[in-house]
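**Q** Next up, my_file_6.cif (mmCIF, C-alpha atoms).
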```
data_query
#
loop_
_atom_site.label_atom_id
_atom_site.label_comp_id
_atom_site.auth_asym_id
_atom_site.auth_seq_id
_atom_site.Cartn_x
_atom_site.Cartn_y
_atom_site.Cartn_z
CA MET A 1 -3.80 16.00 -9.01
CA LEU A 2 -1.39 18.28 -7.15
CA GLN A 3 -2.67 19.64 -3.81
CA LEU A 4 -0.99 22.14 -1.53
CA GLN A 5 -2.08 22.82 2.02
CA LEU A 6 -0.84 25.59 4.34
CA LEU A 7 -1.73 25.28 8.00
CA SER A 8 -2.02 28.47 10.10
CA SER A 9 -1.58 28.75 13.80
CA PRO A 10 -4.94 30.55 14.56
CA PRO A 11 -7.96 28.20 14.24
CA LEU A 12 -9.73 30.23 11.56
CA THR A 13 -11.80 28.87 8.71
CA PRO A 14 -9.57 28.21 5.69
CA GLN A 15 -10.43 29.36 2.21
CA THR A 16 -9.71 27.64 -1.07
CA VAL A 17 -8.01 29.55 -3.88
CA ASN A 18 -7.38 28.31 -7.37
CA LEU A 19 -3.81 29.02 -8.48
CA ASN A 20 -4.94 29.46 -12.06
CA SER A 21 -6.57 32.75 -11.01
CA ILE A 22 -3.36 34.15 -9.51
CA SER A 23 -1.79 36.50 -12.01
CA ASN A 24 0.89 38.07 -9.83
CA PRO A 25 4.02 35.87 -9.89
CA LYS A 26 5.62 38.01 -7.15
CA LEU A 27 3.03 36.94 -4.66
CA PHE A 28 3.70 33.23 -5.22
CA PRO A 29 7.02 33.03 -7.08
CA SER A 30 7.44 29.31 -6.43
CA PHE A 31 4.19 28.50 -8.28
CA SER A 32 4.80 30.59 -11.39
CA SER A 33 6.53 27.73 -13.19
CA LEU A 34 3.77 25.16 -12.64
CA ASN A 35 1.94 23.76 -15.66
CA SER A 36 -1.38 25.54 -16.02
CA SER A 37 -3.03 22.43 -17.45
CA GLN A 38 -2.91 20.63 -14.07
CA THR A 39 -5.53 21.19 -11.37
CA ARG A 40 -3.94 22.85 -8.35
CA SER A 41 -5.41 24.21 -5.12
CA PHE A 42 -4.24 25.13 -1.64
CA LYS A 43 -5.85 26.36 1.54
CA PHE A 44 -4.69 29.24 3.67
CA ASN A 45 -5.90 31.81 6.20
CA PRO A 46 -5.50 35.34 4.78
CA LEU A 47 -5.33 36.93 8.26
CA SER A 48 -2.30 35.08 9.50
CA LYS A 49 1.16 34.26 8.33
CA PRO A 50 1.53 30.61 7.33
CA SER A 51 3.55 28.70 9.89
CA LYS A 52 3.50 25.20 8.38
CA PHE A 53 3.61 24.14 4.75
CA SER A 54 2.89 20.64 3.36
CA LEU A 55 2.88 19.38 -0.24
CA LYS A 56 1.16 16.22 -1.50
CA CYS A 57 1.57 15.07 -5.08
CA CYS A 58 -0.91 12.35 -6.08
CA GLN A 59 0.72 12.00 -9.47
CA SER A 60 3.98 10.77 -7.96
CA GLU A 61 2.11 8.16 -5.92
CA TYR A 62 0.51 6.91 -9.09
CA PHE A 63 3.86 6.46 -10.81
CA ASP A 64 5.30 4.79 -7.69
CA GLN A 65 2.46 2.29 -7.63
CA LYS A 66 2.77 1.70 -11.35
CA GLN A 67 6.50 1.10 -11.00
CA ARG A 68 5.96 -1.36 -8.15
CA PHE A 69 3.36 -3.20 -10.24
CA ASN A 70 5.74 -3.41 -13.20
CA ASP A 71 8.53 -4.68 -10.98
CA SER A 72 6.33 -7.37 -9.45
CA SER A 73 5.03 -8.42 -12.87
CA SER A 74 8.50 -8.70 -14.33
CA SER A 75 9.78 -10.63 -11.34
CA SER A 76 7.03 -13.26 -11.78
CA SER A 77 7.63 -13.77 -15.50
CA PRO A 78 8.88 -17.22 -16.60
CA SER A 79 12.26 -15.86 -17.71
CA SER A 80 13.05 -14.39 -14.29
CA LEU A 81 12.13 -17.28 -11.98
CA ALA A 82 15.70 -18.23 -11.04
CA GLY A 83 16.43 -19.12 -14.65
CA LEU A 84 13.89 -21.97 -14.69
CA PRO A 85 12.28 -22.80 -18.04
CA ALA A 86 8.61 -22.02 -18.52
CA ARG A 87 6.14 -24.89 -18.06
CA PHE A 88 3.33 -25.52 -20.50
CA TYR A 89 0.17 -27.53 -19.96
CA VAL A 90 -1.57 -28.89 -23.03
CA GLY A 91 -4.46 -31.18 -23.79
CA HIS A 92 -7.03 -32.14 -26.38
CA SER A 93 -10.75 -32.42 -25.69
CA ILE A 94 -13.61 -34.13 -27.53
CA TYR A 95 -17.20 -33.19 -26.66
CA LYS A 96 -20.19 -35.35 -27.48
CA GLY A 97 -23.81 -35.54 -26.37
CA LYS A 98 -23.31 -38.18 -23.64
CA ALA A 99 -19.82 -37.37 -22.39
CA ALA A 100 -16.59 -35.44 -22.91
CA LEU A 101 -13.06 -36.80 -23.18
CA THR A 102 -9.88 -34.88 -22.39
CA VAL A 103 -6.44 -36.25 -23.28
CA GLU A 104 -3.38 -34.82 -21.51
CA PRO A 105 0.27 -35.97 -21.55
CA ARG A 106 2.23 -36.27 -18.32
CA ALA A 107 6.01 -35.83 -18.35
CA PRO A 108 8.46 -38.49 -17.11
CA GLU A 109 10.34 -38.13 -13.84
CA PHE A 110 14.11 -38.22 -13.34
CA VAL A 111 16.33 -38.72 -10.29
CA PRO A 112 19.91 -37.40 -9.93
CA LEU A 113 22.86 -39.77 -9.66
CA ASP A 114 26.10 -39.32 -7.70
CA SER A 115 27.93 -38.77 -10.99
CA GLY A 116 25.84 -35.66 -11.69
CA ALA A 117 23.82 -37.36 -14.42
CA PHE A 118 20.10 -38.12 -14.28
CA LYS A 119 18.22 -41.40 -14.59
CA ILE A 120 14.57 -41.82 -15.42
CA SER A 121 12.59 -43.03 -12.41
CA ARG A 122 9.11 -43.05 -13.91
CA GLU A 123 8.00 -43.03 -17.50
CA GLY A 124 5.46 -40.51 -18.66
CA PHE A 125 1.89 -41.41 -19.53
CA VAL A 126 -1.24 -40.05 -21.16
CA LEU A 127 -4.14 -39.22 -18.85
CA LEU A 128 -7.69 -39.79 -20.13
CA GLN A 129 -10.47 -37.95 -18.30
CA PHE A 130 -14.09 -38.91 -18.94
CA ALA A 131 -16.87 -36.59 -17.77
CA PRO A 132 -20.56 -37.52 -18.15
CA ALA A 133 -22.97 -34.99 -19.61
CA ALA A 134 -25.08 -32.91 -17.22
CA GLY A 135 -27.13 -31.12 -19.87
CA VAL A 136 -26.88 -29.64 -23.32
CA ARG A 137 -23.18 -28.82 -23.83
CA GLN A 138 -22.65 -29.17 -20.10
CA TYR A 139 -20.50 -31.78 -18.37
CA ASP A 140 -20.13 -32.78 -14.75
CA TRP A 141 -16.37 -32.76 -14.17
CA SER A 142 -16.90 -33.47 -10.48
CA ARG A 143 -17.93 -37.00 -11.51
CA LYS A 144 -15.08 -37.48 -13.94
CA GLN A 145 -13.29 -40.82 -14.18
CA VAL A 146 -9.62 -41.04 -15.13
CA PHE A 147 -7.54 -43.69 -16.84
CA SER A 148 -3.76 -43.51 -17.38
CA LEU A 149 -2.33 -45.03 -20.53
CA SER A 150 1.23 -46.35 -20.23
CA VAL A 151 3.66 -46.16 -23.14
CA THR A 152 2.93 -49.78 -24.06
CA GLU A 153 -0.82 -49.18 -23.98
CA ILE A 154 -0.30 -46.09 -26.13
CA GLY A 155 1.59 -48.26 -28.62
CA THR A 156 -1.35 -50.67 -28.72
CA LEU A 157 -3.75 -47.78 -29.32
CA ILE A 158 -1.59 -46.33 -32.08
CA SER A 159 -1.40 -49.63 -33.96
CA LEU A 160 -5.16 -50.20 -33.76
CA GLY A 161 -6.95 -50.56 -37.09
CA MET A 162 -10.38 -49.17 -37.83
CA ARG A 163 -11.95 -52.63 -37.45
CA GLU A 164 -9.86 -53.71 -34.48
CA SER A 165 -10.51 -53.42 -30.75
CA CYS A 166 -8.48 -53.53 -27.54
CA GLU A 167 -9.10 -53.64 -23.81
CA PHE A 168 -7.06 -52.40 -20.84
CA PHE A 169 -7.54 -53.38 -17.21
CA HIS A 170 -6.17 -51.37 -14.27
CA ASP A 171 -6.11 -52.00 -10.54
CA PRO A 172 -4.54 -48.94 -8.84
CA PHE A 173 -4.01 -50.94 -5.63
CA LYS A 174 -2.49 -54.04 -7.20
CA GLY A 175 -0.03 -55.62 -4.78
CA LYS A 176 -1.41 -53.64 -1.84
CA SER A 177 -3.90 -54.34 0.90
CA ASP A 178 -6.79 -52.81 -1.08
CA GLU A 179 -6.15 -54.89 -4.19
CA GLY A 180 -9.33 -55.69 -6.06
CA LYS A 181 -11.39 -52.94 -4.48
CA VAL A 182 -10.94 -50.60 -7.46
CA ARG A 183 -11.31 -51.95 -10.98
CA LYS A 184 -11.02 -49.92 -14.16
CA VAL A 185 -11.64 -51.34 -17.63
CA LEU A 186 -11.17 -49.31 -20.81
CA LYS A 187 -12.57 -50.81 -24.00
CA VAL A 188 -11.90 -49.38 -27.44
CA GLU A 189 -14.22 -51.00 -29.99
CA PRO A 190 -15.07 -50.12 -33.60
CA LEU A 191 -18.40 -48.51 -34.39
CA PRO A 192 -20.83 -50.74 -36.29
CA ASP A 193 -20.61 -48.65 -39.45
CA GLY A 194 -16.80 -48.46 -39.30
CA SER A 195 -16.79 -44.67 -38.95
CA GLY A 196 -14.77 -44.65 -35.73
CA HIS A 197 -14.45 -46.22 -32.29
CA PHE A 198 -16.28 -46.36 -28.99
CA PHE A 199 -14.24 -45.44 -25.91
CA ASN A 200 -15.97 -47.14 -22.98
CA LEU A 201 -14.64 -46.74 -19.42
CA GLY A 202 -16.11 -48.81 -16.61
CA VAL A 203 -15.13 -48.04 -13.00
CA GLN A 204 -16.01 -50.09 -9.93
CA ASN A 205 -14.81 -48.51 -6.70
CA LYS A 206 -15.90 -50.40 -3.58
CA LEU A 207 -14.09 -47.89 -1.35
CA LEU A 208 -16.34 -45.03 -2.52
CA ASN A 209 -19.32 -47.16 -3.51
CA VAL A 210 -19.05 -46.09 -7.15
CA ASP A 211 -20.10 -48.15 -10.13
CA GLU A 212 -20.10 -46.01 -13.25
CA ASN A 213 -19.78 -46.52 -16.97
CA VAL A 214 -18.91 -43.65 -19.34
CA TYR A 215 -18.72 -44.06 -23.09
CA ILE A 216 -18.07 -41.67 -25.95
CA PRO A 217 -17.99 -42.23 -29.73
CA ILE A 218 -14.81 -41.12 -31.50
CA THR A 219 -14.96 -40.47 -35.23
CA ARG A 220 -12.30 -41.56 -37.69
CA GLY A 221 -10.83 -38.06 -37.88
CA GLU A 222 -10.79 -37.62 -34.10
CA PHE A 223 -9.17 -41.02 -33.68
CA THR A 224 -6.52 -40.08 -36.26
CA VAL A 225 -5.70 -36.94 -34.29
CA LEU A 226 -5.31 -38.96 -31.07
CA LYS A 227 -3.05 -41.49 -32.80
CA SER A 228 -0.90 -38.77 -34.40
CA ALA A 229 -0.51 -36.84 -31.13
CA SER A 230 0.31 -40.05 -29.25
CA SER A 231 2.95 -41.02 -31.82
CA PHE A 232 4.57 -37.60 -31.49
CA ILE A 233 4.67 -37.52 -27.69
CA LEU A 234 5.75 -41.14 -27.17
CA PRO A 235 9.56 -40.53 -27.27
CA TYR A 236 9.13 -37.67 -24.80
CA LEU A 237 7.22 -39.90 -22.41
CA LEU A 238 10.19 -42.29 -22.50
CA GLY A 239 12.56 -39.43 -21.72
CA TRP A 240 14.60 -39.98 -24.86
CA HIS A 241 14.40 -36.29 -25.76
CA ALA A 242 16.47 -35.47 -22.65
CA PHE A 243 19.12 -37.97 -23.74
CA ALA A 244 19.15 -36.57 -27.28
CA ASN A 245 19.47 -32.98 -26.05
CA SER A 246 22.39 -33.90 -23.76
CA THR A 247 24.32 -35.84 -26.41
CA LYS A 248 27.14 -34.08 -28.26
CA PRO A 249 29.51 -35.50 -30.89
CA ASP A 250 32.64 -34.80 -28.81
CA ASP A 251 31.08 -36.39 -25.72
CA THR A 252 30.23 -39.52 -27.71
CA SER A 253 33.77 -39.81 -29.10
CA ARG A 254 35.32 -39.46 -25.65
CA ALA A 255 32.98 -42.12 -24.26
CA ASN A 256 33.82 -44.54 -27.07
CA ASN A 257 37.54 -44.03 -26.56
CA ALA A 258 37.29 -44.50 -22.81
CA ASN A 259 35.21 -47.66 -23.05
CA PRO A 260 35.60 -49.73 -26.25
CA ARG A 261 32.45 -51.66 -25.39
CA TYR A 262 30.36 -48.53 -25.41
CA GLY A 263 28.06 -47.79 -28.33
CA GLY A 264 26.52 -49.80 -31.16
CA ASP A 265 29.76 -49.98 -33.18
CA TYR A 266 31.25 -52.51 -30.73
CA GLU A 267 29.35 -55.33 -32.47
CA TRP A 268 30.85 -54.41 -35.84
CA SER A 269 34.40 -54.00 -34.54
CA ARG A 270 34.72 -57.64 -33.55
#
```
Re-express the file's structure as structure tokens.
**A**
Amino acid sequence: MLQLQLLSSPPLTPQTVNLNSISNPKLFPSFSSLNSSQTRSFKFNPLSKPSKFSLKCCQSEYFDQKQRFNDSSSSSSPSSLAGLPARFYVGHSIYKGKAALTVEPRAPEFVPLDSGAFKISREGFVLLQFAPAAGVRQYDWSRKQVFSLSVTEIGTLISLGMRESCEFFHDPFKGKSDEGKVRKVLKVEPLPDGSGHFFNLGVQNKLLNVDENVYIPITRGEFTVLKSASSFILPYLLGWHAFANSTKPDDTSRANNANPRYGGDYEWSR
């Protein structure tokens, strides 16, 4: 909306006139070129000569705000954050009547070296989150219990047969002053009919006075999905994908020439 306001020096009551009703372009030559489809109005005192003129265009403010919004949106996009790659968070959930299970991978961590290269400081892992049921298709995630599977434990889980079982024990404070005060035991056992496995997590936390046991049945198909996803993500948890992406044929040849003991071909060259 385009509004025009003329302020007169005498304090008389202003009147509102619609510009669409003005047919004489000589009276207001500066308004003759305005688009008649827009709503326009101004106020003036007919008994006095206008001494002050102000123009306010709401349409321009709208476009200014829209432009600022577009600029802020584009500046926060993944491609414009100082050239950093976009981060993605993934997971897989299984919902049953007694509990829900969410499986999420966690990336490895690297530290820089003086040479400019990077070295892995912590291997990745897979985080299991168990939430007990609070009703029909409702789960209490405030009471969730977590268990982190290392790469070796993931390998054990992947190689598990349908009639086989395994057990993992964790003490988050092992080697510290609170050792033994928190005990976590994850048991993966086959179902009696051989149709899948039971995932049973028992947590004893003397620091928080918690003693809870959460179990969830996993069917054969669901267990196959977990094994396939774990097999795929395992090299990434070891950080080997970063090594593979940084390796080039010319770099490998230069390294072999600089150090004859570098690489697997040293054994065969003896």
**Q** Between A:Ser159, A:Leu207, A:His197, A:Arg106, which residue has the minimum interatomic distance to Asp178 of chain A, considering only C-alpha atoms?
**A** A:Leu207
**Q** I'd like the interatomic distance between atom CA of Tyr236 of chain A and atom CA of Val151 of chain A, to a tenth of an Å.
**A** 10.2 Å
**Q** May I have the protein, DNA and RNA residues with any atom at most 8 Å from the point (-15.0, -35.2, -22.7), counting all atoms listed in the file, written as an MDAnalysis selection string?
**A** chainID A and resid 93:96 99:102 129:132 139 216
**Q** Name the residues captured by the PyMOL selection byres ((chain A and resi 234) around 9) when it is applied to the shown file; answer as a PDB file with C-alpha atoms, keeping the file's coordinate frame.
**A**
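Saved as selection.pdb:
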```pdb
ATOM      1  CA  GLY A 124       5.460 -40.510 -18.660  1.00  0.00           C
ATOM      2  CA  PHE A 125       1.890 -41.410 -19.530  1.00  0.00           C
ATOM      3  CA  VAL A 151       3.660 -46.160 -23.140  1.00  0.00           C
ATOM      4  CA  ILE A 154      -0.300 -46.090 -26.130  1.00  0.00           C
ATOM      5  CA  GLY A 155       1.590 -48.260 -28.620  1.00  0.00           C
ATOM      6  CA  ALA A 229      -0.510 -36.840 -31.130  1.00  0.00           C
ATOM      7  CA  SER A 230       0.310 -40.050 -29.250  1.00  0.00           C
ATOM      8  CA  SER A 231       2.950 -41.020 -31.820  1.00  0.00           C
ATOM      9  CA  PHE A 232       4.570 -37.600 -31.490  1.00  0.00           C
ATOM     10  CA  ILE A 233       4.670 -37.520 -27.690  1.00  0.00           C
ATOM     11  CA  PRO A 235       9.560 -40.530 -27.270  1.00  0.00           C
ATOM     12  CA  TYR A 236       9.130 -37.670 -24.800  1.00  0.00           C
ATOM     13  CA  LEU A 237       7.220 -39.900 -22.410  1.00  0.00           C
ATOM     14  CA  LEU A 238      10.190 -42.290 -22.500  1.00  0.00           C
ATOM     15  CA  GLY A 239      12.560 -39.430 -21.720  1.00  0.00           C
TER      16      GLY A 239
END
```
**Q** Choose the residue, out of A:Phe169, A:Phe243, A:Phe118, A:Phe223, that has the smallest atom-to-atom separation from Gln204 of chain A; count only C-alpha atoms.
**A** A:Phe169
